[in-house]
Every structure is written in C-alpha cells, then in structure tokens.
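**Q** Okay, here's the structure, questions in a sec.
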Amino acid sequence: MRTTKNPAQHRIRRSLVALLAGCALLATAPGAALAAPVGTDGTGTHSIAGKKKVKVDAKLDKSKVKVNEKVKLKGKLDVQAPLRASGTDGVTSLEPLVVQRLVAGVWVDLTSTSCRPNGSYQLKLSFQVQAEIKLRVYHPETTLYASATSSVFSLLVI
C-alpha cells in the first residue's frame, strides 16, 4: 500500500476516489431502474408493452384556401387491437391530439385538441401567409395508448 507524506494530497486522493465511486453508482442506477419489474403483470413484461395502438385519421375539407380563410380539419382517433389484455379500456379518457406543420424539416406544433378513443374531432384552422403547408395530426404517447401520427396532407394558401 502506498503512503502519502502530504496530508493535503491524501485528502484530495480520498475525495477523487469517493467522487469516482459516486459516479459509478450513478452510472449503474438508471440500468437498475430499467431492470426492475415496475408495472409488470407477473410475467416480467413492462407496462409499456400494455399500451394499446391507436390510428389517427385526419383530412381537410378543402385543399386550397385564401389567406385568413378558415378550413375545417376533421378526423378520428381509432383504438386498434391492444398489445396485451388490459384491465381498463380508457374509453372515458380524453386523449391529446396536436396539429403539426412541417417547417424546414421539423414538425412544429400549431394547435391542440383532445378526443375520446374511437371518437372524432374537428378543428378550424386559418393561415396568414401564402404558402403550401404540410400538416399532420400527432397523438403523443399516454399511459394507456402508444403514440401515432396521421398521414401527411397539404394545404395551399393563396
């Protein structure tokens, strides 16, 4: 074992060892949390596998509008077959839906609404600039349902 003559160097070395041990503990903590059977159904399956798939449908009532003219966006949120049996069907929940616009290759949120599973929704949109706008409707992942997006559709604002 190496001995240090200077007590200050000894304290620094101890502090570094303690710091490294703490970092090693933090590095293994997230992996341990993922390996724990949180939200399992007794088979070791994580609760994320129990999310139901949804399908988002969306369409505009017009494909071409004038600047500031309102256009209706109508759609439906359909629940697909669940990934595994679930004790709740979530039919009474309101699920979030976000209308997004493609800007320079990035989807940007425009507005949002909510919809019951297996229900329909309707929004009115208007735009203040002339452009061809690419839109989609996005359903973010929730505790009951997986994320989903509608197909991309275009609106010409003249």
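Chain lettering (A, B, ...) mirrors the order of the structure tokens, residue numbering begins at 1 for each chain separately, and ligand numbering begins at 1 in order of display.
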I'd like the neighbourhood of segment 51-61 of chain A as a ChimeraX atom specification, where a residue qualifies if any of its atoms comes within 7 Å (using only C-alpha atoms), though same-chain residues fewer than 6 positions away should be ignored.

**A** /A:71-83,137,144-146,148-150

**Q** Write out, as a short mmCIF file (atom, residue, chain, number, x, y, z; two decimals), in the first residue's frame, the residues just selected, with all heavy atoms.

**A**
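What follows is the written file again-v6.cif:
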data_model
loop_
_atom_site.label_atom_id
_atom_site.label_comp_id
_atom_site.auth_asym_id
_atom_site.auth_seq_id
_atom_site.Cartn_x
_atom_site.Cartn_y
_atom_site.Cartn_z
N VAL A 71 -60.39 26.78 -42.66
CA VAL A 71 -60.53 25.45 -43.25
C VAL A 71 -60.79 24.47 -42.11
O VAL A 71 -60.22 24.59 -41.02
CB VAL A 71 -59.28 25.06 -44.07
CG1 VAL A 71 -58.04 25.00 -43.21
CG2 VAL A 71 -59.49 23.76 -44.80
N LYS A 72 -61.71 23.53 -42.32
CA LYS A 72 -62.02 22.54 -41.30
C LYS A 72 -61.09 21.34 -41.40
O LYS A 72 -60.88 20.81 -42.49
CB LYS A 72 -63.47 22.05 -41.45
CG LYS A 72 -64.50 23.03 -41.00
CD LYS A 72 -65.88 22.41 -41.11
CE LYS A 72 -66.94 23.45 -40.81
NZ LYS A 72 -68.30 22.90 -41.02
N LEU A 73 -60.58 20.94 -40.27
CA LEU A 73 -59.79 19.73 -40.15
C LEU A 73 -60.63 18.74 -39.36
O LEU A 73 -61.01 19.02 -38.22
CB LEU A 73 -58.46 20.01 -39.43
CG LEU A 73 -57.62 18.80 -39.06
CD1 LEU A 73 -57.12 18.09 -40.32
CD2 LEU A 73 -56.45 19.19 -38.20
N LYS A 74 -60.97 17.63 -39.98
CA LYS A 74 -61.79 16.61 -39.34
C LYS A 74 -60.99 15.32 -39.25
O LYS A 74 -60.16 15.04 -40.12
CB LYS A 74 -63.06 16.34 -40.14
CG LYS A 74 -64.00 17.51 -40.25
CD LYS A 74 -65.20 17.14 -41.09
CE LYS A 74 -66.14 18.32 -41.23
NZ LYS A 74 -67.32 17.99 -42.05
N GLY A 75 -61.27 14.55 -38.22
CA GLY A 75 -60.57 13.28 -38.09
C GLY A 75 -61.16 12.39 -37.04
O GLY A 75 -62.17 12.70 -36.41
N LYS A 76 -60.49 11.27 -36.85
CA LYS A 76 -60.94 10.25 -35.92
C LYS A 76 -59.73 9.62 -35.23
O LYS A 76 -58.66 9.51 -35.84
CB LYS A 76 -61.72 9.20 -36.70
CG LYS A 76 -62.52 8.28 -35.85
CD LYS A 76 -63.48 7.46 -36.70
CE LYS A 76 -64.01 6.38 -35.85
NZ LYS A 76 -65.29 6.15 -35.60
N LEU A 77 -59.91 9.23 -33.99
CA LEU A 77 -58.87 8.53 -33.22
C LEU A 77 -59.40 7.12 -32.95
O LEU A 77 -60.28 6.94 -32.12
CB LEU A 77 -58.57 9.26 -31.91
CG LEU A 77 -57.53 8.61 -31.01
CD1 LEU A 77 -56.16 8.64 -31.66
CD2 LEU A 77 -57.47 9.31 -29.66
N ASP A 78 -58.90 6.14 -33.70
CA ASP A 78 -59.37 4.76 -33.58
C ASP A 78 -58.40 3.94 -32.74
O ASP A 78 -57.19 3.96 -32.98
CB ASP A 78 -59.49 4.11 -34.96
CG ASP A 78 -60.63 4.69 -35.76
OD1 ASP A 78 -61.68 4.98 -35.17
OD2 ASP A 78 -60.46 4.85 -36.98
N VAL A 79 -58.95 3.18 -31.79
CA VAL A 79 -58.14 2.28 -30.99
C VAL A 79 -58.02 0.96 -31.74
O VAL A 79 -59.01 0.38 -32.15
CB VAL A 79 -58.78 2.05 -29.60
CG1 VAL A 79 -57.97 1.04 -28.80
CG2 VAL A 79 -58.89 3.36 -28.85
N GLN A 80 -56.78 0.52 -31.94
CA GLN A 80 -56.51 -0.75 -32.61
C GLN A 80 -56.48 -1.85 -31.55
O GLN A 80 -56.64 -1.60 -30.36
CB GLN A 80 -55.15 -0.68 -33.33
CG GLN A 80 -55.03 0.49 -34.28
CD GLN A 80 -56.00 0.42 -35.45
OE1 GLN A 80 -55.96 -0.52 -36.22
NE2 GLN A 80 -56.87 1.41 -35.56
N ALA A 81 -56.23 -3.07 -31.96
CA ALA A 81 -56.15 -4.20 -31.02
C ALA A 81 -55.05 -3.93 -30.02
O ALA A 81 -53.97 -3.46 -30.38
CB ALA A 81 -55.87 -5.48 -31.77
N PRO A 82 -55.28 -4.20 -28.72
CA PRO A 82 -54.25 -3.96 -27.71
C PRO A 82 -53.08 -4.92 -27.87
O PRO A 82 -53.23 -6.01 -28.41
CB PRO A 82 -54.97 -4.20 -26.39
CG PRO A 82 -56.10 -5.12 -26.74
CD PRO A 82 -56.50 -4.78 -28.16
N LEU A 83 -51.93 -4.46 -27.39
CA LEU A 83 -50.74 -5.30 -27.42
C LEU A 83 -50.85 -6.45 -26.42
O LEU A 83 -50.32 -7.51 -26.61
CB LEU A 83 -49.49 -4.47 -27.12
CG LEU A 83 -49.18 -3.40 -28.15
CD1 LEU A 83 -48.02 -2.55 -27.67
CD2 LEU A 83 -48.85 -4.03 -29.48
N VAL A 137 -51.48 15.25 -37.95
CA VAL A 137 -52.02 15.24 -36.59
C VAL A 137 -51.25 14.17 -35.82
O VAL A 137 -51.09 13.04 -36.31
CB VAL A 137 -53.54 14.98 -36.56
CG1 VAL A 137 -54.06 14.93 -35.14
CG2 VAL A 137 -54.27 16.05 -37.36
N LEU A 144 -52.14 5.01 -21.43
CA LEU A 144 -52.92 3.92 -21.98
C LEU A 144 -52.62 3.61 -23.45
O LEU A 144 -52.79 2.48 -23.90
CB LEU A 144 -54.42 4.22 -21.87
CG LEU A 144 -54.99 4.31 -20.46
CD1 LEU A 144 -56.44 4.76 -20.50
CD2 LEU A 144 -54.86 2.98 -19.76
N TYR A 145 -52.18 4.62 -24.22
CA TYR A 145 -52.07 4.46 -25.66
C TYR A 145 -50.69 4.83 -26.17
O TYR A 145 -50.05 5.76 -25.67
CB TYR A 145 -53.12 5.32 -26.37
CG TYR A 145 -54.53 4.95 -25.97
CD1 TYR A 145 -55.23 5.71 -25.04
CD2 TYR A 145 -55.15 3.82 -26.51
CE1 TYR A 145 -56.51 5.36 -24.65
CE2 TYR A 145 -56.42 3.48 -26.13
CZ TYR A 145 -57.11 4.24 -25.20
OH TYR A 145 -58.37 3.87 -24.81
N ALA A 146 -50.25 4.14 -27.21
CA ALA A 146 -48.98 4.42 -27.87
C ALA A 146 -49.11 5.67 -28.73
O ALA A 146 -50.22 6.10 -29.05
CB ALA A 146 -48.56 3.23 -28.72
N ALA A 148 -48.95 8.00 -32.15
CA ALA A 148 -49.33 7.74 -33.55
C ALA A 148 -49.41 9.06 -34.29
O ALA A 148 -49.59 10.12 -33.69
CB ALA A 148 -50.68 7.04 -33.60
N THR A 149 -49.27 9.00 -35.60
CA THR A 149 -49.42 10.18 -36.44
C THR A 149 -50.32 9.86 -37.62
O THR A 149 -50.38 8.71 -38.07
CB THR A 149 -48.07 10.69 -36.99
OG1 THR A 149 -47.46 9.65 -37.72
CG2 THR A 149 -47.16 11.16 -35.88
N SER A 150 -51.00 10.88 -38.09
CA SER A 150 -51.80 10.72 -39.30
C SER A 150 -50.88 10.76 -40.51
O SER A 150 -49.69 11.05 -40.39
CB SER A 150 -52.84 11.84 -39.39
OG SER A 150 -52.19 13.07 -39.68
#

**Q** I'd like the contact shell of Ser114 of chain A - 6 Å cut-off, only C-alpha atoms, skipping same-chain residues fewer than 2 positions apart - returned as a list in words.

**A** Leu94, Glu95, Pro96 and Leu97 of chain A

**Q** Which residues are near Val98 of chain A? Cut-off 9 Å, only C-alpha atoms, ignore same chain within fewer than 6 positions. Put them as a VMD selection string.

**A** chain A and resid 109 to 114 136 to 140

**Q** Would you export the selected residues with all heavy atoms as an mmCIF file, in the first residue's frame, please?

**A**
data_model
loop_
_atom_site.group_PDB
_atom_site.id
_atom_site.type_symbol
_atom_site.label_atom_id
_atom_site.label_comp_id
_atom_site.auth_asym_id
_atom_site.auth_seq_id
_atom_site.Cartn_x
_atom_site.Cartn_y
_atom_site.Cartn_z
ATOM 1 N N ASP A 109 -45.521 22.348 -33.554
ATOM 2 C CA ASP A 109 -46.892 22.322 -33.055
ATOM 3 C C ASP A 109 -47.620 23.616 -33.414
ATOM 4 O O ASP A 109 -47.097 24.711 -33.193
ATOM 5 C CB ASP A 109 -46.921 22.151 -31.538
ATOM 6 C CG ASP A 109 -46.357 20.808 -31.085
ATOM 7 O OD1 ASP A 109 -46.064 19.953 -31.952
ATOM 8 O OD2 ASP A 109 -46.221 20.608 -29.868
ATOM 9 N N LEU A 110 -48.831 23.490 -33.970
ATOM 10 C CA LEU A 110 -49.664 24.650 -34.284
ATOM 11 C C LEU A 110 -50.752 24.849 -33.247
ATOM 12 O O LEU A 110 -50.938 25.938 -32.724
ATOM 13 C CB LEU A 110 -50.324 24.488 -35.660
ATOM 14 C CG LEU A 110 -49.431 24.544 -36.870
ATOM 15 C CD1 LEU A 110 -50.257 24.342 -38.133
ATOM 16 C CD2 LEU A 110 -48.713 25.877 -36.933
ATOM 17 N N THR A 111 -51.505 23.801 -33.002
ATOM 18 C CA THR A 111 -52.607 23.866 -32.047
ATOM 19 C C THR A 111 -52.870 22.456 -31.538
ATOM 20 O O THR A 111 -52.322 21.480 -32.064
ATOM 21 C CB THR A 111 -53.874 24.471 -32.692
ATOM 22 O OG1 THR A 111 -54.867 24.671 -31.693
ATOM 23 C CG2 THR A 111 -54.433 23.582 -33.790
ATOM 24 N N SER A 112 -53.698 22.346 -30.529
ATOM 25 C CA SER A 112 -54.007 21.022 -29.987
ATOM 26 C C SER A 112 -55.478 20.946 -29.607
ATOM 27 O O SER A 112 -56.159 21.963 -29.465
ATOM 28 C CB SER A 112 -53.122 20.716 -28.778
ATOM 29 O OG SER A 112 -53.384 21.629 -27.749
ATOM 30 N N THR A 113 -55.923 19.736 -29.464
ATOM 31 C CA THR A 113 -57.279 19.457 -29.029
ATOM 32 C C THR A 113 -57.248 18.115 -28.314
ATOM 33 O O THR A 113 -56.181 17.528 -28.139
ATOM 34 C CB THR A 113 -58.266 19.440 -30.220
ATOM 35 O OG1 THR A 113 -59.599 19.356 -29.723
ATOM 36 C CG2 THR A 113 -57.997 18.287 -31.165
ATOM 37 N N SER A 114 -58.388 17.633 -27.908
ATOM 38 C CA SER A 114 -58.462 16.307 -27.312
ATOM 39 C C SER A 114 -59.652 15.565 -27.898
ATOM 40 O O SER A 114 -60.564 16.174 -28.460
ATOM 41 C CB SER A 114 -58.564 16.396 -25.786
ATOM 42 O OG SER A 114 -59.677 17.172 -25.418
ATOM 43 N N ARG A 136 -49.896 17.449 -40.332
ATOM 44 C CA ARG A 136 -50.232 16.127 -39.820
ATOM 45 C C ARG A 136 -50.838 16.297 -38.438
ATOM 46 O O ARG A 136 -50.714 17.361 -37.819
ATOM 47 C CB ARG A 136 -49.021 15.208 -39.761
ATOM 48 C CG ARG A 136 -48.068 15.514 -38.623
ATOM 49 C CD ARG A 136 -46.932 14.519 -38.565
ATOM 50 N NE ARG A 136 -46.104 14.760 -37.384
ATOM 51 C CZ ARG A 136 -45.033 14.070 -37.083
ATOM 52 N NH1 ARG A 136 -44.635 13.093 -37.875
ATOM 53 N NH2 ARG A 136 -44.333 14.345 -35.997
ATOM 54 N N VAL A 137 -51.482 15.253 -37.946
ATOM 55 C CA VAL A 137 -52.015 15.244 -36.587
ATOM 56 C C VAL A 137 -51.254 14.172 -35.822
ATOM 57 O O VAL A 137 -51.095 13.044 -36.306
ATOM 58 C CB VAL A 137 -53.536 14.976 -36.565
ATOM 59 C CG1 VAL A 137 -54.057 14.929 -35.144
ATOM 60 C CG2 VAL A 137 -54.273 16.049 -37.355
ATOM 61 N N TYR A 138 -50.783 14.543 -34.639
ATOM 62 C CA TYR A 138 -49.931 13.677 -33.820
ATOM 63 C C TYR A 138 -50.622 13.373 -32.498
ATOM 64 O O TYR A 138 -51.157 14.268 -31.846
ATOM 65 C CB TYR A 138 -48.600 14.390 -33.576
ATOM 66 C CG TYR A 138 -47.697 13.740 -32.552
ATOM 67 C CD1 TYR A 138 -47.118 12.501 -32.789
ATOM 68 C CD2 TYR A 138 -47.416 14.376 -31.353
ATOM 69 C CE1 TYR A 138 -46.277 11.916 -31.859
ATOM 70 C CE2 TYR A 138 -46.575 13.794 -30.420
ATOM 71 C CZ TYR A 138 -46.014 12.565 -30.676
ATOM 72 O OH TYR A 138 -45.198 11.986 -29.750
ATOM 73 N N HIS A 139 -50.632 12.098 -32.118
ATOM 74 C CA HIS A 139 -51.112 11.677 -30.804
ATOM 75 C C HIS A 139 -49.898 11.257 -29.990
ATOM 76 O O HIS A 139 -49.256 10.244 -30.306
ATOM 77 C CB HIS A 139 -52.082 10.497 -30.920
ATOM 78 C CG HIS A 139 -52.470 9.926 -29.589
ATOM 79 N ND1 HIS A 139 -51.775 8.899 -29.003
ATOM 80 C CD2 HIS A 139 -53.450 10.264 -28.723
ATOM 81 C CE1 HIS A 139 -52.325 8.615 -27.827
ATOM 82 N NE2 HIS A 139 -53.347 9.430 -27.642
ATOM 83 N N PRO A 140 -49.534 12.028 -28.946
ATOM 84 C CA PRO A 140 -48.372 11.636 -28.141
ATOM 85 C C PRO A 140 -48.686 10.413 -27.284
ATOM 86 O O PRO A 140 -49.849 10.139 -26.984
ATOM 87 C CB PRO A 140 -48.112 12.864 -27.263
ATOM 88 C CG PRO A 140 -49.404 13.599 -27.234
ATOM 89 C CD PRO A 140 -50.130 13.274 -28.500
#

**Q** How many Å separate atom CA of Leu125 of chain A from atom CA of Ile158 of chain A?

**A**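 For atom CA of Leu125 of chain A relative to atom CA of Ile158 of chain A, the distance reads 14.5 Å.
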
**Q** Considering only C-alpha atoms, can you say which of A:Gly119, A:Gly50, A:Thr142, A:Ile133 comes closest to Ser63 of chain A?

**A**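 Ranking A:Gly119, A:Gly50, A:Thr142, A:Ile133 by distance to Ser63 of chain A, first place goes to A:Ile133.
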
**Q** Would you compute the distance between atom CA of Val157 of chain A and atom CA of Trp107 of chain A? Give it in Å to one decimal.

**A**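 Separation of atom CA of Val157 of chain A and atom CA of Trp107 of chain A: 18.5 Å.
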